[in-house]
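*Asks:* Pasting in a structure now, in structure tokens, and then I'll have a few things to ask.
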Amino acid sequence: MNGELFARYLTNVNIMMKRQKRKILLLMDNAPSHIIPKKLSNIKIHFLPPTTTSHLQPLDAGIIQAFKGQYRRMQLQRLVQCIDENKTGKDLQLPLSDGIRFVKHAWDIVSATTIKNCWIHTGVVPRDPHTDLHQAPANETTALRDLVGDVTGQLSIDEQLRMDVDEFVNIDNEAETFANINDEQILESVEQIHNETTDDQEEESDAEPEPIPSAVSARDAMNTVIRFVERNQHSVDSDINILTAFQTRLNEIILSGAQQKNILNFFKKD
């Protein structure tokens with residue numbers, strides 16, 4: 001994140017709020033990239049006092065942690081799948097498309113209750129004395145802990161080098177998320193990315209593109225998944241309902257993509 005991108009983002013949010021006839025308050029820390037445009041008609045900015053972010057910012061009170069926990073879980077699930085399929089080298093790398101999909105799904109899983117509790121925890125929003133603040137479900141933490149243990153065991157990682165769940169989830173806490181860079185540094189970064197991309201493209205130029213699955217194979221795969229879940233002792237009724245609904249949607253997608261024909265299609269022009 002840099003100041004230019006952030007200012008552009010705020011301008012777009014302000015336009016959106018103006019269209020919706022809403023006015024909002026944004027709480028921000030004092031990150032160098034938080035440069036505020038001069039004219040924001042529908043957004044009021046309030047900066048948190050220095051060194052209080054970890055105490056007053058709802059994102060740091062557990063929202064980010066909940067999101068990252070879900071994302072790391074999906075990362076590990078994919079890694080376990082790769083290990084089971086005996087994949088090595090570049091095949092273990094997470095494709096960008098999968099990463100984007102994981103980010104969206106991880107955020108969708110973070111519940112409104114979790115977000116509300118984090119706001120209450122900071123004291124920004126008053127707490128209802130009749131409402132309990134619930135922590136993350138124990139089964140989620142246990143499932144992630146089991147995954148971490150499974151992966152480190154399968155990869156034969158030395159005991160002294162293994163991480164616990166909290167260390168794994170927060171492994172990138174020290175990563176720099178913003179910077180003030182000059183034009184020369186920007187050009188150097190772009191050239192480096194371009195060169196790396198070109199090298200990767202040259203290596204993969206001889207590889208044949210992955211064929212698009214046919215409608216028949218898509219339906220067969222869906223039926224296989226449903227049969228697997230139906231016979232799995234850990235599945236519940238809602239799992240079957242979700243898959244059945246998606247199977248219906250898959251058939252709709254296939255039918256809508258099929259070429260529609262009428263009687264004139266059966267006559268050829270001389």
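Please note that chains go A, B, ... in the order of the structure tokens, that every chain numbers its residues from 1, and that ligands are numbered from 1 in the order shown.
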Which residues come within 10 Å of Ala218 in chain A, counting only C-alpha atoms, excluding same-chain residues fewer than 3 positions away, as JSON, numbers by chain?
*Replies:* {"A": [212, 213, 214, 215, 221, 222, 223, 224, 247, 250, 251, 254]}
*Asks:* Which neighbours of range 17-29 of chain A fall inside 9 Å, counting only C-alpha atoms, when residues of the same chain fewer than 3 positions from it are skipped, and could you give them as an MDAnalysis selection string?
*Replies:* chainID A and resid 12:14 34 41:53 57
*Asks:* Given the choices A:Gln93, A:Thr11, A:Thr122, A:Gln70, which gets closest to Lys38 in chain A if the distance is worked out from only C-alpha atoms?
*Replies:* A:Thr11
*Asks:* Looking at A:Pro211, A:Leu56, A:Gln233, A:Leu5, which one is nearest to Val125 in chain A, with distances taken over only C-alpha atoms?
*Replies:*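 Of the candidates, the smallest distance to Val125 in chain A is held by A:Leu56.
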*Asks:* Between CA of Arg101 in chain A and CA of Arg227 in chain A, what distance in Å does the model show, to one decimal?
*Replies:*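 About the pair CA of Arg101 in chain A and CA of Arg227 in chain A: they are 25.1 Å apart.
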*Asks:* In Å to one decimal, how far is CA of Val169 in chain A from CA of Arg127 in chain A?
*Replies:*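 One can read the CA of Arg127 in chain A to CA of Val169 in chain A distance as 28.3 Å.
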